[in-house]
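start_37.tsv follows (TSV, C-alpha atoms):
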```tsv
chain	number	residue	atom	x	y	z
N	782	MET	CA	133.32	208.35	267.82
N	783	THR	CA	134.60	211.01	265.48
N	784	VAL	CA	134.61	214.78	265.17
N	785	ILE	CA	134.12	216.40	261.76
N	786	MET	CA	136.37	219.36	260.89
N	787	ARG	CA	136.63	221.44	257.73
N	788	ALA	CA	140.10	221.67	256.25
N	789	GLU	CA	140.57	225.44	256.57
N	790	PRO	CA	139.90	225.85	260.33
N	791	LEU	CA	141.81	222.63	261.06
N	792	GLN	CA	144.80	223.90	259.12
N	793	SER	CA	144.58	227.25	260.90
N	794	LEU	CA	144.53	225.51	264.28
N	795	ALA	CA	147.59	223.40	263.47
N	796	ARG	CA	149.43	226.45	262.13
N	797	GLU	CA	148.72	228.49	265.26
N	798	ILE	CA	149.80	225.62	267.54
N	799	PHE	CA	153.13	225.27	265.71
N	800	ALA	CA	153.67	229.04	265.72
N	801	ALA	CA	152.95	229.21	269.44
N	802	ALA	CA	155.53	226.45	269.96
N	803	GLY	CA	158.24	228.53	268.29
N	804	ALA	CA	157.92	227.95	264.54
N	805	PRO	CA	158.15	231.01	262.25
N	806	GLU	CA	154.84	231.75	260.54
N	807	ASP	CA	155.92	230.49	257.11
N	808	ILE	CA	157.28	227.22	258.51
N	809	ALA	CA	154.17	226.68	260.64
N	810	ALA	CA	152.00	227.25	257.57
N	811	VAL	CA	153.86	224.73	255.40
N	812	VAL	CA	153.78	221.99	258.05
N	813	ALA	CA	150.10	222.56	258.84
N	814	GLU	CA	149.15	222.52	255.16
N	815	SER	CA	151.08	219.29	254.61
N	816	LEU	CA	149.36	217.53	257.52
N	817	VAL	CA	145.83	218.63	256.66
N	818	THR	CA	146.25	217.85	252.96
N	819	THR	CA	147.33	214.37	254.02
N	820	ASN	CA	144.10	214.06	256.04
N	821	LEU	CA	142.12	215.15	252.98
N	822	LEU	CA	143.79	212.41	250.97
N	823	GLY	CA	142.66	209.83	253.52
N	824	HIS	CA	146.04	209.10	255.13
N	825	ASP	CA	145.03	210.06	258.67
N	826	SER	CA	148.07	208.28	260.07
N	827	HIS	CA	150.24	211.08	258.68
N	828	GLY	CA	147.82	213.96	259.23
N	829	VAL	CA	147.04	216.12	262.27
N	830	LEU	CA	147.43	213.03	264.44
N	831	ARG	CA	151.12	214.03	264.26
N	832	VAL	CA	150.65	217.48	265.82
N	833	LYS	CA	150.88	216.09	269.36
N	834	GLN	CA	153.96	214.05	268.41
N	835	TYR	CA	155.69	217.08	266.85
N	836	ILE	CA	154.97	219.34	269.83
N	837	GLY	CA	156.32	216.66	272.14
N	838	MET	CA	159.48	216.48	270.03
N	839	ILE	CA	159.86	220.26	270.18
N	840	ARG	CA	159.55	220.19	273.96
N	841	ARG	CA	162.20	217.45	274.19
N	842	GLY	CA	164.56	219.32	271.87
N	843	MET	CA	164.22	216.76	269.06
N	844	ILE	CA	162.68	219.27	266.63
N	845	GLN	CA	164.22	222.71	266.27
N	846	PRO	CA	161.15	224.55	264.94
N	847	ALA	CA	162.94	227.54	263.41
N	848	GLU	CA	165.66	225.62	261.54
N	849	ARG	CA	165.83	225.88	257.75
N	850	PRO	CA	167.55	223.64	255.20
N	851	ARG	CA	170.88	224.41	253.55
N	852	ILE	CA	173.04	222.71	250.96
N	853	ARG	CA	175.89	220.88	252.65
N	854	LYS	CA	177.57	219.63	249.46
N	855	ARG	CA	177.13	219.71	245.66
N	856	PHE	CA	178.79	217.32	243.24
N	857	GLY	CA	177.60	217.15	239.63
N	858	ALA	CA	173.92	216.16	239.62
N	859	THR	CA	173.94	215.30	243.34
N	860	ALA	CA	173.42	217.34	246.46
N	861	MET	CA	173.39	216.81	250.21
N	862	VAL	CA	170.89	218.96	252.11
N	863	THR	CA	171.05	219.28	255.88
N	864	LEU	CA	168.19	220.53	258.03
N	865	GLY	CA	169.57	220.86	261.57
N	866	TYR	CA	166.63	218.80	262.87
N	867	GLY	CA	163.97	221.27	261.83
N	868	PHE	CA	160.52	220.20	260.64
N	869	GLY	CA	161.01	217.43	258.08
N	870	GLN	CA	158.38	218.86	255.73
N	871	ILE	CA	160.44	222.03	255.32
N	872	GLY	CA	163.57	220.09	254.37
N	873	ALA	CA	161.68	217.69	252.13
N	874	ARG	CA	160.03	220.49	250.14
N	875	TYR	CA	163.39	222.20	249.68
N	876	ALA	CA	165.00	218.91	248.58
N	877	ALA	CA	162.22	218.25	246.06
N	878	GLU	CA	162.56	221.73	244.56
N	879	LEU	CA	166.33	221.39	244.41
N	880	ALA	CA	166.10	217.95	242.77
N	881	THR	CA	163.74	219.35	240.13
N	882	ASP	CA	166.11	222.23	239.32
N	883	ILE	CA	169.17	219.97	239.09
N	884	ALA	CA	167.36	217.45	236.89
N	885	ARG	CA	166.27	220.17	234.48
N	886	GLU	CA	169.95	221.05	234.07
N	887	HIS	CA	171.51	217.58	234.07
N	888	GLY	CA	168.62	215.28	233.12
N	889	ILE	CA	168.88	213.49	236.45
N	890	ALA	CA	169.31	214.46	240.10
N	891	ALA	CA	169.90	212.75	243.41
N	892	VAL	CA	169.36	214.84	246.55
N	893	SER	CA	169.74	213.51	250.09
N	894	LEU	CA	168.23	215.12	253.16
N	895	GLY	CA	169.97	214.62	256.50
N	896	GLN	CA	169.57	215.87	260.07
N	897	THR	CA	165.84	215.76	259.50
N	898	THR	CA	162.88	214.76	261.60
N	899	HIS	CA	159.68	213.11	260.34
N	900	VAL	CA	159.14	214.16	256.70
N	901	GLY	CA	155.45	213.32	256.66
N	902	ARG	CA	153.92	211.58	253.65
N	903	LEU	CA	156.82	210.67	251.35
N	904	GLY	CA	154.56	210.74	248.28
N	905	GLU	CA	153.98	214.46	248.74
N	906	TRP	CA	157.55	215.14	247.73
N	907	THR	CA	157.80	212.75	244.76
N	908	GLN	CA	154.47	214.11	243.54
N	909	MET	CA	155.90	217.65	243.67
N	910	ILE	CA	158.59	216.50	241.25
N	911	ALA	CA	156.12	214.70	238.96
N	912	ALA	CA	153.86	217.76	238.86
N	913	GLN	CA	156.72	219.54	237.07
N	914	GLY	CA	156.82	216.87	234.35
N	915	LEU	CA	159.65	214.78	235.82
N	916	ILE	CA	159.82	211.33	237.35
N	917	GLY	CA	160.10	211.45	241.13
N	918	ILE	CA	161.47	208.59	243.22
N	919	GLY	CA	161.86	208.73	246.99
N	920	PHE	CA	163.36	206.56	249.70
N	921	ALA	CA	163.11	207.33	253.41
N	922	GLY	CA	164.95	205.62	256.24
N	923	GLY	CA	164.73	205.82	259.99
N	924	GLY	CA	167.04	205.55	262.95
N	925	PHE	CA	169.51	203.07	261.41
N	926	SER	CA	168.83	199.94	263.49
N	927	HIS	CA	166.47	201.85	265.78
N	928	GLY	CA	162.95	201.34	264.45
N	929	PHE	CA	159.77	199.31	264.86
N	930	VAL	CA	160.16	196.52	262.29
N	931	ALA	CA	161.61	193.06	262.87
N	932	PRO	CA	163.70	191.42	260.15
N	933	TYR	CA	162.16	188.32	258.57
N	934	GLY	CA	162.33	185.41	261.00
N	935	GLY	CA	163.09	187.64	263.99
N	936	ARG	CA	161.03	189.25	266.72
N	937	GLU	CA	163.24	192.19	267.73
N	938	ARG	CA	162.94	195.68	266.25
N	939	VAL	CA	165.66	196.71	263.82
N	940	PHE	CA	164.28	198.60	260.82
N	941	SER	CA	162.05	201.64	260.57
N	942	THR	CA	158.99	201.48	258.33
N	943	ASN	CA	161.20	202.82	255.51
N	944	PRO	CA	158.76	203.94	252.79
N	945	ILE	CA	159.34	204.09	249.03
N	946	SER	CA	157.53	206.32	246.58
N	947	PHE	CA	157.33	206.68	242.81
N	948	ALA	CA	155.48	209.45	240.95
N	949	VAL	CA	155.22	210.00	237.20
N	950	PRO	CA	153.48	212.66	235.08
N	951	CYS	CA	150.31	211.59	233.29
N	952	ALA	CA	148.61	213.14	230.23
N	953	ASP	CA	145.30	213.63	232.09
N	954	GLU	CA	147.06	216.35	234.13
N	955	GLU	CA	147.18	214.08	237.17
N	956	THR	CA	150.27	212.36	238.47
N	957	LEU	CA	150.41	208.61	238.95
N	958	LEU	CA	151.63	208.12	242.51
N	959	LEU	CA	152.77	205.04	244.42
N	960	ASP	CA	153.74	205.46	248.07
N	961	PHE	CA	154.02	202.65	250.60
N	962	ALA	CA	155.86	201.57	253.73
N	963	THR	CA	158.08	198.50	253.50
N	964	SER	CA	156.48	197.29	256.72
N	965	GLY	CA	153.15	195.50	256.36
N	966	VAL	CA	151.49	198.45	258.07
N	967	ALA	CA	152.91	201.92	258.71
N	968	HIS	CA	153.66	202.93	262.30
N	969	GLY	CA	151.22	205.81	261.93
N	970	LYS	CA	148.43	203.35	261.07
N	971	VAL	CA	149.07	201.61	264.38
N	972	MET	CA	148.98	204.99	266.16
N	973	LEU	CA	145.67	205.73	264.44
N	974	ALA	CA	144.22	202.33	265.39
N	975	GLN	CA	145.23	202.91	269.01
N	976	SER	CA	143.56	206.35	269.02
N	977	LYS	CA	140.35	204.70	267.77
N	978	GLY	CA	140.59	201.67	270.06
N	979	ALA	CA	140.62	199.51	266.93
N	980	PRO	CA	142.67	196.37	266.15
N	981	VAL	CA	145.55	196.19	263.69
N	982	PRO	CA	144.94	193.77	260.78
N	983	GLN	CA	146.08	190.17	261.21
N	984	GLY	CA	149.63	189.31	260.18
N	985	MET	CA	151.12	192.77	260.72
N	986	MET	CA	152.55	192.67	264.27
N	987	LEU	CA	154.17	190.56	266.94
N	988	ASP	CA	153.94	191.14	270.67
N	989	LYS	CA	157.07	191.29	272.84
N	990	ALA	CA	157.12	187.50	273.11
N	991	GLY	CA	157.16	187.12	269.34
N	992	ARG	CA	153.53	186.01	269.06
N	993	PRO	CA	151.13	187.37	266.39
N	994	THR	CA	148.89	190.12	267.74
N	995	THR	CA	146.29	192.60	266.53
N	996	ARG	CA	146.39	194.78	269.67
N	997	ALA	CA	147.81	198.18	268.71
N	998	ALA	CA	149.06	198.90	272.25
N	999	ASP	CA	151.38	195.88	272.04
N	1000	LEU	CA	153.75	197.89	269.86
N	1001	ASP	CA	154.42	200.35	272.69
N	1002	ASP	CA	154.87	197.38	275.03
N	1003	GLY	CA	157.91	196.00	273.20
N	1004	GLY	CA	156.21	194.46	270.19
N	1005	ALA	CA	157.38	194.73	266.60
N	1006	LEU	CA	155.91	195.32	263.16
N	1007	LEU	CA	156.47	192.81	260.38
N	1008	ALA	CA	157.86	193.63	256.95
N	1009	MET	CA	155.56	193.39	253.95
N	1010	GLY	CA	156.09	190.45	251.62
N	1011	ARG	CA	157.93	188.27	254.14
N	1012	HIS	CA	161.64	187.91	253.25
N	1013	LYS	CA	161.34	190.15	250.16
N	1014	GLY	CA	159.96	193.09	252.10
N	1015	SER	CA	162.49	192.53	254.86
N	1016	GLY	CA	165.37	192.69	252.38
N	1017	LEU	CA	163.89	195.79	250.75
N	1018	SER	CA	163.52	197.43	254.14
N	1019	MET	CA	167.17	196.70	254.93
N	1020	MET	CA	168.27	198.46	251.73
N	1021	MET	CA	166.04	201.43	252.59
N	1022	GLU	CA	167.67	201.53	256.02
N	1023	ILE	CA	171.11	201.77	254.42
N	1024	ILE	CA	170.79	203.98	251.35
N	1025	PRO	CA	168.95	207.13	252.55
N	1026	ASN	CA	170.65	207.14	255.94
N	1027	LEU	CA	174.25	206.91	254.83
N	1028	LEU	CA	173.93	209.09	251.71
N	1029	ALA	CA	172.36	211.77	253.92
N	1030	GLY	CA	175.40	211.67	256.22
N	1031	ASP	CA	173.44	210.31	259.18
N	1032	ARG	CA	175.28	208.04	261.59
N	1033	PRO	CA	174.44	204.55	262.90
N	1034	MET	CA	173.01	204.17	266.39
N	1035	SER	CA	176.39	202.90	267.63
N	1036	SER	CA	178.00	206.24	266.77
N	1037	PRO	CA	178.27	209.01	269.39
N	1038	GLU	CA	176.89	211.32	266.68
N	1039	PHE	CA	173.67	209.31	266.36
N	1040	HIS	CA	170.45	211.32	266.41
N	1041	TYR	CA	167.02	209.91	265.62
N	1042	GLY	CA	165.76	211.17	262.27
N	1043	ASN	CA	163.97	210.41	259.01
N	1044	PRO	CA	166.69	210.83	256.33
N	1045	MET	CA	165.53	210.81	252.74
N	1046	LEU	CA	166.88	210.40	249.22
N	1047	LEU	CA	165.00	211.95	246.31
N	1048	LEU	CA	165.71	211.17	242.66
N	1049	ALA	CA	164.39	213.24	239.78
N	1050	LEU	CA	164.60	212.20	236.13
N	1051	LEU	CA	163.77	214.35	233.10
N	1052	PRO	CA	162.11	212.02	230.56
N	1053	LYS	CA	163.22	213.98	227.50
N	1054	ALA	CA	166.84	213.71	228.59
N	1055	PHE	CA	166.50	210.01	227.73
N	1056	ASP	CA	164.23	210.00	224.66
N	1057	GLU	CA	162.98	213.21	223.12
N	1058	ALA	CA	160.74	211.31	220.68
N	1059	THR	CA	158.66	209.66	223.42
N	1060	ASP	CA	155.66	211.44	224.92
N	1061	PHE	CA	156.20	210.00	228.37
N	1062	ALA	CA	153.01	211.32	229.97
N	1063	ALA	CA	150.86	210.12	227.05
N	1064	HIS	CA	152.22	206.58	227.36
N	1065	VAL	CA	151.56	206.64	231.11
N	1066	GLU	CA	147.97	207.62	230.39
N	1067	THR	CA	147.63	204.79	227.86
N	1068	LEU	CA	148.77	202.22	230.41
N	1069	LYS	CA	146.56	203.71	233.10
N	1070	THR	CA	143.55	203.47	230.78
N	1071	ARG	CA	144.39	199.86	229.97
N	1072	VAL	CA	144.69	198.95	233.65
N	1073	LYS	CA	141.36	200.63	234.40
N	1074	SER	CA	139.67	198.69	231.59
N	1075	VAL	CA	140.54	195.27	233.04
N	1076	LYS	CA	137.50	193.30	234.17
N	1077	PRO	CA	137.36	193.06	237.96
N	1078	ALA	CA	138.04	189.77	239.71
N	1079	ALA	CA	135.55	188.12	242.03
N	1080	GLY	CA	135.00	190.28	245.10
N	1081	PHE	CA	136.03	193.53	243.39
N	1082	ASP	CA	133.88	196.23	241.81
N	1083	GLU	CA	136.64	197.79	239.73
N	1084	VAL	CA	140.39	197.98	239.20
N	1085	LEU	CA	141.91	201.04	240.83
N	1086	ALA	CA	145.08	202.75	239.64
N	1087	PRO	CA	147.61	203.95	242.24
N	1088	GLY	CA	146.45	207.20	243.79
N	1089	GLU	CA	142.75	206.81	242.97
N	1090	PRO	CA	141.60	206.11	246.56
N	1091	GLU	CA	143.40	209.29	247.65
N	1092	THR	CA	141.77	211.37	244.90
N	1093	ARG	CA	138.33	210.13	245.87
N	1094	SER	CA	138.98	210.77	249.55
N	1095	TYR	CA	140.12	214.31	248.78
N	1096	GLU	CA	136.95	215.09	246.83
N	1097	GLU	CA	134.75	213.61	249.56
N	1098	ARG	CA	136.48	215.28	252.48
N	1099	VAL	CA	136.67	218.70	250.85
N	1100	LYS	CA	132.88	218.44	250.51
N	1101	ASP	CA	131.94	216.74	253.78
N	1102	GLY	CA	134.82	217.53	256.14
N	1103	ILE	CA	137.62	215.52	257.76
N	1104	PRO	CA	136.66	212.89	260.36
N	1105	LEU	CA	138.97	212.89	263.38
N	1106	PRO	CA	138.96	210.33	266.19
N	1107	ASP	CA	137.76	211.88	269.45
N	1108	GLN	CA	141.17	211.32	271.02
N	1109	VAL	CA	142.98	213.17	268.22
N	1110	TRP	CA	140.60	216.14	268.55
N	1111	ALA	CA	140.94	216.11	272.35
N	1112	ASP	CA	144.74	216.16	272.00
N	1113	LEU	CA	144.57	219.15	269.64
N	1114	CYS	CA	142.26	221.04	271.99
N	1115	GLU	CA	144.54	220.30	274.96
N	1116	LEU	CA	147.58	221.56	273.04
N	1117	ALA	CA	145.66	224.68	272.06
N	1118	ARG	CA	144.80	225.39	275.71
N	1119	GLU	CA	148.40	224.83	276.82
N	1120	LEU	CA	149.75	227.17	274.13
N	1121	GLY	CA	147.10	229.88	274.39
N	1122	VAL	CA	145.49	229.12	271.02
N	1123	CYS	CA	141.74	229.31	270.42
N	1124	ALA	CA	140.39	226.02	269.00
N	1125	PRO	CA	137.48	226.34	266.53
N	1126	ALA	CA	134.22	224.54	267.05
N	1127	PRO	CA	133.90	221.28	265.11
N	1128	ASP	CA	131.29	220.88	262.35
N	1129	GLY	CA	129.92	217.69	263.77
```
Could you spell out this file's structure in structure tokens?
Amino acid sequence: MTVIMRAEPLQSLAREIFAAAGAPEDIAAVVAESLVTTNLLGHDSHGVLRVKQYIGMIRRGMIQPAERPRIRKRFGATAMVTLGYGFGQIGARYAAELATDIAREHGIAAVSLGQTTHVGRLGEWTQMIAAQGLIGIGFAGGGFSHGFVAPYGGRERVFSTNPISFAVPCADEETLLLDFATSGVAHGKVMLAQSKGAPVPQGMMLDKAGRPTTRAADLDDGGALLAMGRHKGSGLSMMMEIIPNLLAGDRPMSSPEFHYGNPMLLLALLPKAFDEATDFAAHVETLKTRVKSVKPAAGFDEVLAPGEPETRSYEERVKDGIPLPDQVWADLCELARELGVCAPAPDG
């Protein structure tokens, strides 16, 4: 069963919950907007499902809700940003804005974000860069050997889901966005399946004995996710475990300074710094049009470009509302009661 909620009251509820838990109003507003926009785009695994997780992390001291990002180091076109374990969305937005500014000056920028918690949907931050006419590339790591994903051929957890994102400007005033976990399925998708009582697709998980499973609860019982693309995805995940973590200044689990986080590296490139004669966005649009014109294969109705399912979901959910699993809505209402916040009535 599901509950239908309009974006505005849902965003207001999330904002008030975060504010009641100690977040300043502006921080609460940014985090709530990020989560609800993610629901609108159809990625419910990274939407308001996370409110309960974030409040639990605040209560355990893992999120410091009033912390704000600051620049730890600048060197040429690079910067290290540290967040002090505040809300990851606040640090990620700051890092994306900083990367854009640096790239406009130098043609290229690399900005790491350390001491951060969950940054939400990685594509939100590369898309922010692309919306300003630049190329945005993002890598996010996890706990450095403290995640949910088994290396290829193994059954023990080592890697986090370690997403990668690319976003480029397009002449149709949209951005072309690619954003995916290097695991076969994101951890949040397993959380969502569990909240619905639904199975995880075949070939995505092992149980604690190393046997294939589709039971979402097996992940909490010592199971492991599998990397996408077999050995290729496993190798890619390993690189994503290394690069964002260490460039952000985060420490391996073996270090006494280890703290679970979601470190990130954002790259921004200014197309005209490379070739002023090329209309980058126009060429992107040409390729997109060509891809869309390809005749569909058997079993498909059309060829979709990256980001199209999200655009369609956004249009549909703005019109019809956001469907939430009953358990997610019950969790939000329980948090509201605990924190003295009034929960709105659902639309359906």
For region 782-786 of chain N, find every residue with an atom within 8 Å (counting all atoms listed in the file), except residues of its own chain fewer than 2 positions away, and show them as number ranges by chain. N: 788, 790-791, 977, 1102-1107, 1110, 1127-1129
Give me, as a ChimeraX atom specification, all polymer residues having an atom no more than 12 Å from Ala813 (chain N), counting all atoms listed in the file and skipping those fewer than 3 positions away in the same chain. /N:788-800,804,806-810,816-820,827-832,835,868,870-871,901
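The space separating CA of Glu1022 (chain N) from CA of Asn943 (chain N) comes to 6.6 Å.
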Fewer than 2 positions away in the same chain doesn't count, so skip those; otherwise give me all residues within 7 Å of region 1005-1017 of chain N, counting all atoms listed in the file, as a VMD selection string. chain N and resid 929 to 933 936 to 938 963 to 965 985 to 988 1000 1003 1019 to 1021
Print the selection's residues with C-alpha atoms to a file, as a PDB file, in the frame of the given file.
```pdb
ATOM      1  CA  PHE N 929     159.770 199.310 264.860  1.00  0.00           C
ATOM      2  CA  VAL N 930     160.160 196.520 262.290  1.00  0.00           C
ATOM      3  CA  ALA N 931     161.610 193.060 262.870  1.00  0.00           C
ATOM      4  CA  PRO N 932     163.700 191.420 260.150  1.00  0.00           C
ATOM      5  CA  TYR N 933     162.160 188.320 258.570  1.00  0.00           C
ATOM      6  CA  ARG N 936     161.030 189.250 266.720  1.00  0.00           C
ATOM      7  CA  GLU N 937     163.240 192.190 267.730  1.00  0.00           C
ATOM      8  CA  ARG N 938     162.940 195.680 266.250  1.00  0.00           C
ATOM      9  CA  THR N 963     158.080 198.500 253.500  1.00  0.00           C
ATOM     10  CA  SER N 964     156.480 197.290 256.720  1.00  0.00           C
ATOM     11  CA  GLY N 965     153.150 195.500 256.360  1.00  0.00           C
ATOM     12  CA  MET N 985     151.120 192.770 260.720  1.00  0.00           C
ATOM     13  CA  MET N 986     152.550 192.670 264.270  1.00  0.00           C
ATOM     14  CA  LEU N 987     154.170 190.560 266.940  1.00  0.00           C
ATOM     15  CA  ASP N 988     153.940 191.140 270.670  1.00  0.00           C
ATOM     16  CA  LEU N1000     153.750 197.890 269.860  1.00  0.00           C
ATOM     17  CA  GLY N1003     157.910 196.000 273.200  1.00  0.00           C
ATOM     18  CA  MET N1019     167.170 196.700 254.930  1.00  0.00           C
ATOM     19  CA  MET N1020     168.270 198.460 251.730  1.00  0.00           C
ATOM     20  CA  MET N1021     166.040 201.430 252.590  1.00  0.00           C
TER      21      MET N1021
END
```
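Comparing the minimum interatomic distances between Met843 (chain N) and each of N:Gly1042, N:Pro1125, N:Ala1078, N:Ile889, counting only C-alpha atoms, we find that N:Gly1042 sits nearest.
Going from CA of Ile844 (chain N) to CA of Ala873 (chain N) covers 14.6 Å.
Each of N:Ala1111, N:Ala911, N:Ile1023, N:Val981 was compared to Glu954 (chain N) using all atoms listed in the file, and N:Ala911 turns out to be the nearest.
One finds CA of Glu1057 (chain N) at 16.0 Å from CA of Ala952 (chain N).
Proximity to Ala967 (chain N) was assessed for N:Ile945, N:Gly1030, N:Val1109, N:Ser826 counting only C-alpha atoms; the smallest distance is recorded for N:Ser826.
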Using all atoms listed in the file, which of the listed residues (N:Gly857, N:Gly1080, N:Pro1025, N:Gly1004) sits closest to Val971 (chain N)? N:Gly1004
Set the distance at 7 Å and use all atoms listed in the file: which residues neighbour Thr859 (chain N) once local chain neighbours fewer than 2 positions away are removed? I'd like the list as a VMD selection string. chain N and resid 855 to 857 890 to 892
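Near (152.3, 207.7, 230.0), the residues that fall inside 10 Å on the basis of all atoms listed in the file are Val949, Pro950, Cys951, Ala952, Asp953, Thr956, Leu957, Thr1059, Asp1060, Phe1061, Ala1062, Ala1063, His1064, Val1065, Glu1066, Thr1067, Leu1068, Lys1069 and Thr1070 of chain N.
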Using all atoms listed in the file, find all polymer residues with an atom at most 12 Å away from the point (168.1, 220.1, 255.8); report them as an NGL selection string. :N and (845 or 847-854 or 860-877 or 879 or 892-900 or 1029-1031 or 1042-1046)
